[in-house]
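Shown below: model-v7.json, with JSON, C-alpha atoms.
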[["chain", "number", "residue", "atom", "x", "y", "z"],
["A", 1, "MET", "CA", 0.00, 0.00, 0.00],
["A", 2, "ILE", "CA", 1.15, 3.53, -0.71],
["A", 3, "GLY", "CA", 1.29, 5.57, 2.51],
["A", 4, "ARG", "CA", 3.23, 8.61, 1.31],
["A", 5, "LEU", "CA", 4.08, 10.35, -1.96],
["A", 6, "ARG", "CA", 6.96, 12.78, -2.37],
["A", 7, "GLY", "CA", 7.80, 14.29, -5.72],
["A", 8, "GLU", "CA", 7.04, 16.89, -8.37],
["A", 9, "LEU", "CA", 3.49, 18.18, -8.63],
["A", 10, "LEU", "CA", 2.67, 17.63, -12.30],
["A", 11, "ASP", "CA", -0.93, 18.83, -12.47],
["A", 12, "VAL", "CA", -3.90, 19.94, -10.38],
["A", 13, "GLN", "CA", -7.45, 19.81, -11.69],
["A", 14, "GLY", "CA", -9.91, 20.82, -8.99],
["A", 15, "ALA", "CA", -9.35, 18.41, -6.11],
["A", 16, "ILE", "CA", -7.31, 15.93, -8.16],
["A", 17, "ALA", "CA", -3.52, 16.16, -8.22],
["A", 18, "VAL", "CA", -0.94, 14.22, -10.21],
["A", 19, "VAL", "CA", 2.37, 13.65, -8.44],
["A", 20, "ASP", "CA", 5.53, 12.33, -10.12],
["A", 21, "ALA", "CA", 7.23, 9.92, -7.72],
["A", 22, "GLY", "CA", 10.09, 7.91, -9.18],
["A", 23, "GLY", "CA", 9.03, 8.60, -12.74],
["A", 24, "VAL", "CA", 5.43, 7.46, -12.22],
["A", 25, "GLY", "CA", 2.57, 9.96, -12.21],
["A", 26, "TYR", "CA", 0.14, 9.11, -9.41],
["A", 27, "GLU", "CA", -3.36, 10.56, -9.45],
["A", 28, "VAL", "CA", -4.45, 11.61, -5.95],
["A", 29, "LEU", "CA", -7.88, 12.74, -4.74],
["A", 30, "LEU", "CA", -7.70, 15.54, -2.19],
["A", 31, "PRO", "CA", -9.98, 17.42, 0.18],
["A", 32, "GLU", "CA", -10.57, 20.90, -1.24],
["A", 33, "SER", "CA", -8.80, 22.47, 1.73],
["A", 34, "VAL", "CA", -5.67, 20.46, 0.88],
["A", 35, "ALA", "CA", -5.88, 21.25, -2.84],
["A", 36, "PHE", "CA", -5.90, 24.98, -2.04],
["A", 37, "GLN", "CA", -2.67, 24.62, -0.04],
["A", 38, "LEU", "CA", -0.66, 22.83, -2.70],
["A", 39, "PRO", "CA", 2.42, 24.54, -4.13],
["A", 40, "PRO", "CA", 2.47, 25.66, -7.78],
["A", 41, "VAL", "CA", 2.71, 22.98, -10.47],
["A", 42, "GLY", "CA", 6.33, 21.98, -11.01],
["A", 43, "GLU", "CA", 7.31, 22.28, -7.36],
["A", 44, "PHE", "CA", 7.97, 19.57, -4.79],
["A", 45, "VAL", "CA", 5.04, 18.16, -2.81],
["A", 46, "ASP", "CA", 4.86, 15.74, 0.12],
["A", 47, "LEU", "CA", 1.50, 14.04, 0.75],
["A", 48, "THR", "CA", 0.34, 11.50, 3.30],
["A", 49, "ILE", "CA", -1.68, 8.89, 1.44],
["A", 50, "ARG", "CA", -4.51, 6.51, 2.19],
["A", 51, "THR", "CA", -4.84, 3.78, -0.44],
["A", 52, "VAL", "CA", -8.35, 2.36, -0.85],
["A", 53, "VAL", "CA", -8.55, -0.89, -2.80],
["A", 54, "ARG", "CA", -11.85, -2.10, -4.22],
["A", 55, "GLU", "CA", -12.76, -4.81, -6.69],
["A", 56, "ASP", "CA", -12.72, -2.43, -9.64],
["A", 57, "SER", "CA", -10.36, 0.32, -8.51],
["A", 58, "ILE", "CA", -7.35, 1.45, -6.50],
["A", 59, "THR", "CA", -7.75, 5.04, -5.30],
["A", 60, "LEU", "CA", -5.22, 7.28, -3.58],
["A", 61, "TYR", "CA", -6.47, 9.95, -1.15],
["A", 62, "GLY", "CA", -3.96, 12.61, -0.18],
["A", 63, "PHE", "CA", -3.53, 14.74, 2.94],
["A", 64, "LEU", "CA", -1.01, 17.21, 4.28],
["A", 65, "THR", "CA", -0.86, 15.65, 7.76],
["A", 66, "ALA", "CA", -1.21, 12.24, 9.34],
["A", 67, "HIS", "CA", -3.97, 13.68, 11.55],
["A", 68, "GLU", "CA", -6.09, 14.54, 8.49],
["A", 69, "ARG", "CA", -5.61, 11.00, 7.21],
["A", 70, "ARG", "CA", -6.55, 9.56, 10.61],
["A", 71, "LEU", "CA", -9.76, 11.62, 10.64],
["A", 72, "PHE", "CA", -10.52, 10.38, 7.11],
["A", 73, "ASP", "CA", -10.02, 6.79, 8.30],
["A", 74, "LEU", "CA", -12.34, 7.29, 11.27],
["A", 75, "LEU", "CA", -15.04, 8.92, 9.16],
["A", 76, "THR", "CA", -15.01, 6.13, 6.58],
["A", 77, "GLU", "CA", -15.55, 3.59, 9.37],
["A", 78, "VAL", "CA", -19.00, 5.09, 9.94],
["A", 79, "ASN", "CA", -21.76, 3.25, 8.08],
["A", 80, "GLY", "CA", -22.94, 5.43, 5.20],
["A", 81, "CYS", "CA", -19.92, 7.74, 5.25],
["A", 82, "GLY", "CA", -17.78, 6.75, 2.28],
["A", 83, "PRO", "CA", -14.56, 8.36, 1.07],
["A", 84, "LYS", "CA", -16.49, 11.01, -0.88],
["A", 85, "SER", "CA", -18.38, 12.21, 2.19],
["A", 86, "ALA", "CA", -15.25, 12.04, 4.36],
["A", 87, "LEU", "CA", -13.34, 14.17, 1.81],
["A", 88, "ALA", "CA", -16.22, 16.65, 1.69],
["A", 89, "LEU", "CA", -16.26, 17.02, 5.47],
["A", 90, "ILE", "CA", -12.51, 17.60, 5.72],
["A", 91, "GLY", "CA", -12.39, 19.71, 2.56],
["A", 92, "GLN", "CA", -15.35, 21.97, 3.32],
["A", 93, "LEU", "CA", -15.10, 22.32, 7.08],
["A", 94, "GLY", "CA", -11.46, 21.57, 7.86],
["A", 95, "GLU", "CA", -10.07, 18.98, 10.25],
["A", 96, "GLU", "CA", -10.39, 21.15, 13.38],
["A", 97, "THR", "CA", -14.02, 22.12, 12.72],
["A", 98, "VAL", "CA", -15.05, 18.51, 12.03],
["A", 99, "THR", "CA", -13.34, 17.38, 15.23],
["A", 100, "ALA", "CA", -14.84, 20.19, 17.32],
["A", 101, "SER", "CA", -18.30, 19.56, 15.88],
["A", 102, "ILE", "CA", -18.15, 15.88, 16.78],
["A", 103, "LEU", "CA", -16.96, 16.61, 20.31],
["A", 104, "SER", "CA", -19.63, 19.27, 20.87],
["A", 105, "GLN", "CA", -22.28, 17.10, 19.15],
["A", 106, "ASP", "CA", -22.96, 19.87, 16.64],
["A", 107, "ALA", "CA", -24.68, 17.91, 13.85],
["A", 108, "LYS", "CA", -25.86, 21.07, 12.12],
["A", 109, "THR", "CA", -22.31, 22.15, 11.29],
["A", 110, "LEU", "CA", -21.49, 18.71, 9.87],
["A", 111, "THR", "CA", -24.46, 18.94, 7.49],
["A", 112, "ARG", "CA", -22.81, 21.91, 5.78],
["A", 113, "ALA", "CA", -20.64, 19.41, 3.91],
["A", 114, "PRO", "CA", -22.14, 18.16, 0.61],
["A", 115, "GLY", "CA", -23.72, 14.73, 0.93],
["A", 116, "VAL", "CA", -23.94, 14.80, 4.72],
["A", 117, "GLY", "CA", -27.54, 14.87, 5.90],
["A", 118, "PRO", "CA", -28.87, 15.07, 9.47],
["A", 119, "LYS", "CA", -29.07, 11.28, 9.92],
["A", 120, "LEU", "CA", -25.48, 10.74, 8.78],
["A", 121, "ALA", "CA", -24.27, 13.66, 10.91],
["A", 122, "ASP", "CA", -25.95, 12.15, 13.99],
["A", 123, "ARG", "CA", -24.44, 8.73, 13.21],
["A", 124, "ILE", "CA", -20.95, 10.23, 12.84],
["A", 125, "ILE", "CA", -21.27, 11.91, 16.24],
["A", 126, "LEU", "CA", -22.65, 8.80, 17.92],
["A", 127, "GLU", "CA", -19.96, 6.47, 16.56],
["A", 128, "LEU", "CA", -16.94, 8.76, 16.70],
["A", 129, "LYS", "CA", -17.40, 10.98, 19.76],
["A", 130, "GLU", "CA", -15.37, 8.78, 22.10],
["A", 131, "LYS", "CA", -12.72, 7.94, 19.48],
["A", 132, "ILE", "CA", -12.25, 11.62, 18.60],
["A", 133, "ALA", "CA", -11.97, 12.49, 22.30],
["A", 134, "GLN", "CA", -9.18, 9.94, 22.66],
["A", 135, "GLU", "CA", -7.45, 11.25, 19.52],
["A", 136, "SER", "CA", -7.66, 14.82, 20.84],
["A", 137, "LEU", "CA", -6.28, 13.75, 24.19],
["A", 138, "HIS", "CA", -3.39, 11.93, 22.53],
["A", 139, "ARG", "CA", -2.55, 14.98, 20.42],
["A", 140, "LYS", "CA", -2.55, 17.24, 23.45],
["A", 141, "LEU", "CA", -0.05, 14.94, 25.11],
["A", 142, "GLU", "CA", 2.07, 14.91, 21.96],
["A", 143, "ARG", "CA", 2.06, 18.71, 21.71],
["A", 144, "ALA", "CA", 2.93, 19.10, 25.36],
["A", 145, "MET", "CA", 6.18, 17.16, 24.77],
["A", 146, "LEU", "CA", 6.47, 16.65, 28.51],
["A", 147, "PRO", "CA", 8.80, 14.21, 30.23],
["A", 148, "LYS", "CA", 7.08, 11.05, 31.49],
["A", 149, "ALA", "CA", 7.07, 12.25, 35.10],
["A", 150, "ALA", "CA", 5.45, 15.54, 34.17],
["A", 151, "ILE", "CA", 2.80, 13.72, 32.15],
["A", 152, "ARG", "CA", 2.03, 11.54, 35.16],
["A", 153, "ALA", "CA", 1.64, 14.61, 37.34],
["A", 154, "GLY", "CA", -0.77, 16.17, 34.86],
["A", 155, "LYS", "CA", -2.91, 13.10, 34.20],
["A", 156, "GLU", "CA", -5.76, 14.13, 36.46],
["A", 157, "ASP", "CA", -6.51, 17.44, 34.77],
["A", 158, "THR", "CA", -6.03, 16.01, 31.28],
["A", 159, "LEU", "CA", -8.37, 13.09, 31.92],
["A", 160, "VAL", "CA", -11.04, 15.27, 33.52],
["A", 161, "GLU", "CA", -10.78, 17.74, 30.63],
["A", 162, "ALA", "CA", -11.38, 14.94, 28.12],
["A", 163, "LEU", "CA", -14.49, 13.82, 30.01],
["A", 164, "LEU", "CA", -15.77, 17.39, 30.17],
["A", 165, "MET", "CA", -15.34, 17.66, 26.39],
["A", 166, "LEU", "CA", -17.60, 14.63, 26.08],
["A", 167, "GLY", "CA", -20.36, 16.46, 27.94],
["A", 168, "TYR", "CA", -20.06, 14.99, 31.44],
["A", 169, "ARG", "CA", -20.49, 17.24, 34.49],
["A", 170, "ARG", "CA", -17.32, 18.15, 36.39],
["A", 171, "GLN", "CA", -18.32, 16.28, 39.55],
["A", 172, "GLU", "CA", -19.01, 12.99, 37.77],
["A", 173, "ALA", "CA", -15.96, 13.48, 35.53],
["A", 174, "GLU", "CA", -13.65, 13.95, 38.51],
["A", 175, "SER", "CA", -15.15, 10.95, 40.30],
["A", 176, "ALA", "CA", -14.80, 8.72, 37.22],
["A", 177, "ALA", "CA", -11.24, 9.96, 36.64],
["A", 178, "GLN", "CA", -10.27, 9.08, 40.21],
["A", 179, "ASP", "CA", -11.60, 5.54, 39.86],
["A", 180, "ALA", "CA", -9.93, 5.15, 36.44],
["A", 181, "ARG", "CA", -6.51, 6.19, 37.75],
["A", 182, "ASP", "CA", -6.67, 3.31, 40.23],
["A", 183, "GLN", "CA", -7.25, 0.81, 37.43],
["A", 184, "ALA", "CA", -5.04, 1.95, 34.53],
["A", 185, "GLU", "CA", -1.66, 3.57, 33.95],
["A", 186, "SER", "CA", -1.85, 5.38, 30.62],
["A", 187, "VAL", "CA", -4.21, 8.29, 30.05],
["A", 188, "GLU", "CA", -5.72, 6.55, 27.03],
["A", 189, "GLU", "CA", -6.56, 3.45, 29.08],
["A", 190, "GLN", "CA", -7.83, 5.59, 31.95],
["A", 191, "LEU", "CA", -10.21, 7.34, 29.57],
["A", 192, "LYS", "CA", -11.60, 4.00, 28.40],
["A", 193, "VAL", "CA", -12.09, 2.85, 32.01],
["A", 194, "ALA", "CA", -13.75, 6.12, 32.97],
["A", 195, "LEU", "CA", -16.15, 5.96, 30.00],
["A", 196, "ARG", "CA", -17.08, 2.39, 30.85],
["A", 197, "GLY", "CA", -17.86, 3.44, 34.42],
["A", 198, "LEU", "CA", -19.91, 6.45, 33.33],
["A", 199, "SER", "CA", -21.97, 4.36, 30.91],
["A", 200, "LYS", "CA", -23.20, 1.99, 33.62]]

Just dump the structure as structure tokens.
Amino acid sequence: MIGRLRGELLDVQGAIAVVDAGGVGYEVLLPESVAFQLPPVGEFVDLTIRTVVREDSITLYGFLTAHERRLFDLLTEVNGCGPKSALALIGQLGEETVTASILSQDAKTLTRAPGVGPKLADRIILELKEKIAQESLHRKLERAMLPKAAIRAGKEDTLVEALLMLGYRRQEAESAAQDARDQAESVEEQLKVALRGLSK
């Protein structure tokens, strides 16, 4: 599978780019937001790729960051949200807006993307809310670039913040976080434990 393409940008037609990598011109489908950020034709481009293989086709979807590709992957796991709808969401709204809308359960914003109706928007929120919360938490830890000891010291606030983002009240979030810290070491595992406890 192709996971990355680096080479000369040969052509851009709308949201389709052709990239020369090793003498082969690869056609890549892009979210509109990514297409707008490409360099001029003839310059070097570096794209993160998701290869989708079907019985009658092999399609390359391109992104500027691994986080955009991860969001694309999550969206296409939702029943009824194919690659076209996932590209529309990322391309029209942007990665941060899609993520924030899912976390805040804002279905109306998601329906601004072509092909995404109210039912699909609700399904995306229902199926991805917890996964997106974990992704956001992981990214915050990455950005913090803290030593392991400092991360341990800050686990409580980070875990509670993630639960608050999911719509839980502070009191129940803090209580669930306390129980989770007694059962798991990593923040990601603690979040899973806390969510299981809150769903009972």

Check your understanding: Which polymer residues have any atom within 10 Å of an atom of Arg123 in chain A, counting all atoms listed in the file, with same-chain residues fewer than 5 positions away left out, as a VMD selection string?
Key -> chain A and resid 78 to 81 107 118 128 to 129

Exercise for review: Give the answer as one residue: which of A:Gly3, A:Pro31, A:Gly167, A:Gly22 has the shortest atom-to-atom distance to Ile102 in chain A, using all atoms listed in the file?
Suggested key: A:Gly167

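The residue that comes closest to Thr111 in chain A, out of A:Arg6, A:Gln178, A:Ser85, A:Leu71 and on the basis of only C-alpha atoms, is A:Ser85.
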
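Minimum atom-to-atom distances from A:Leu126, A:Ile90, A:Ala113, A:Ala194 to Arg69 in chain A were compared using all atoms listed in the file, and the lowest value belongs to A:Ile90.
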
Review point. Smallest atom-to-atom distance to Lys131 in chain A: which of A:Leu75, A:Val19, A:Val12, A:Ala184, using only C-alpha atoms?
Key: A:Leu75

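Among the candidate residues A:Tyr168, A:Val18, A:Gly91, A:Leu159, the one lying nearest to Glu185 in chain A is A:Leu159, with distances computed using all atoms listed in the file.
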
Point to revise | Spatial neighbours of Leu110 in chain A, 10 Å, all atoms listed in the file, chain gap at least 5 places, as JSON, numbers by chain | key: {"A": [88, 89, 90, 92, 93, 97, 98, 99, 101, 102, 105, 116, 117, 118, 120, 121, 122, 124, 125]}

Where does range 117-136 of chain A meet range 51-68 of chain A within 12 Å, residue by residue, with the nearest atom pair and distance in Å to one decimal for each, counting only C-alpha atoms, listed by chain and rising number, as CSV?
residue,atom,partner,partner_atom,distance
A:Ile132,CA,A:His67,CA,11.1
A:Glu135,CA,A:His67,CA,9.0
A:Ser136,CA,A:His67,CA,10.1

Centre, x/y/z edge lengths, axis-aligned box for range 53-58 of chain A with 4 Å per side, as AutoDock Vina command-line options:
--center_x -10.1 --center_y -1.7 --center_z -6.2 --size_x 13.4 --size_y 14.3 --size_z 14.8

Using all atoms listed in the file, which protein or nucleic acid residues come within 9 Å of Leu10 in chain A? Drop anything in the same chain fewer than 5 positions from it, and give the result as a short mmCIF file (atom, residue, chain, number, x, y, z; two decimals) with C-alpha atoms, in the coordinates of the input.
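As a result, result34.cif now contains:
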data_model
loop_
_atom_site.label_atom_id
_atom_site.label_comp_id
_atom_site.auth_asym_id
_atom_site.auth_seq_id
_atom_site.Cartn_x
_atom_site.Cartn_y
_atom_site.Cartn_z
CA ALA A 17 -3.52 16.16 -8.22
CA VAL A 18 -0.94 14.22 -10.21
CA VAL A 19 2.37 13.65 -8.44
CA ASP A 20 5.53 12.33 -10.12
CA GLY A 25 2.57 9.96 -12.21
CA VAL A 41 2.71 22.98 -10.47
CA GLY A 42 6.33 21.98 -11.01
CA GLU A 43 7.31 22.28 -7.36
#

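CA of Val45 in chain A is positioned 20.0 Å from CA of Phe72 in chain A.
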
Practice item. Would you work out the distance separating CA of Leu163 in chain A from CA of Leu103 in chain A, expressed in Å to one decimal? Key: 10.4 Å
